[in-house]
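Enquirer: Have a look at this one before I ask anything.
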Amino acid sequence: SELCDLYASFVYSVLPPGHEALKGTEVEAIKKFKKALGLDDVDAANMHMAIGRRLYRERLDAFQKLIFVSNLVFGDASDFILPWKHLFGITDYQIDIAMRENAKILYALELKSIGR
């Protein structure tokens, strides 16, 4: 519904970017806005979960880009000098996904740039 989308946009805008600290006013502002919209807790909670998925995905996308670029920078040596698995607890499969997905995106961009 439009109210849920409006609420989600408000919550997302109230949260500071990742590097900034909370101000302490966020909770009360969100509660007041939720009440003003007349949203019940279930609908509001669903919007919080949608925001959580978005934030997780954004962070994950950036991390996957870092893996892709770093592995290409260091080539074969990346297996030895980039301890992704040890430091971040990720699997070979997750690294493969990062490599494959970013390569697909770049390949599609390249095809588009040459008009295919």
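By order of appearance in the structure tokens: chains A, B, ..., then residues from 1 within every chain, and ligands from 1 in the order shown.
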Counting only C-alpha atoms, which residues in segment 24-107 of chain A sit no more than 8 Å from segment 12-18 of chain A? For each one, give the nearest pair of atoms and the distance in Å, sorted by chain then residue number, as a tab-separated table.
Expert:
residue	atom	partner	partner_atom	distance
A:Glu26	CA	A:Val14	CA	6.2
A:Ile30	CA	A:Val14	CA	7.8
A:Ile51	CA	A:Tyr12	CA	6.9
Enquirer: Please indicate the distance in Å from atom CA of Leu55 of chain A to atom CA of Asp79 of chain A, rounded to one decimal place.
Expert: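 Between atom CA of Leu55 of chain A and atom CA of Asp79 of chain A the gap works out to 28.5 Å.
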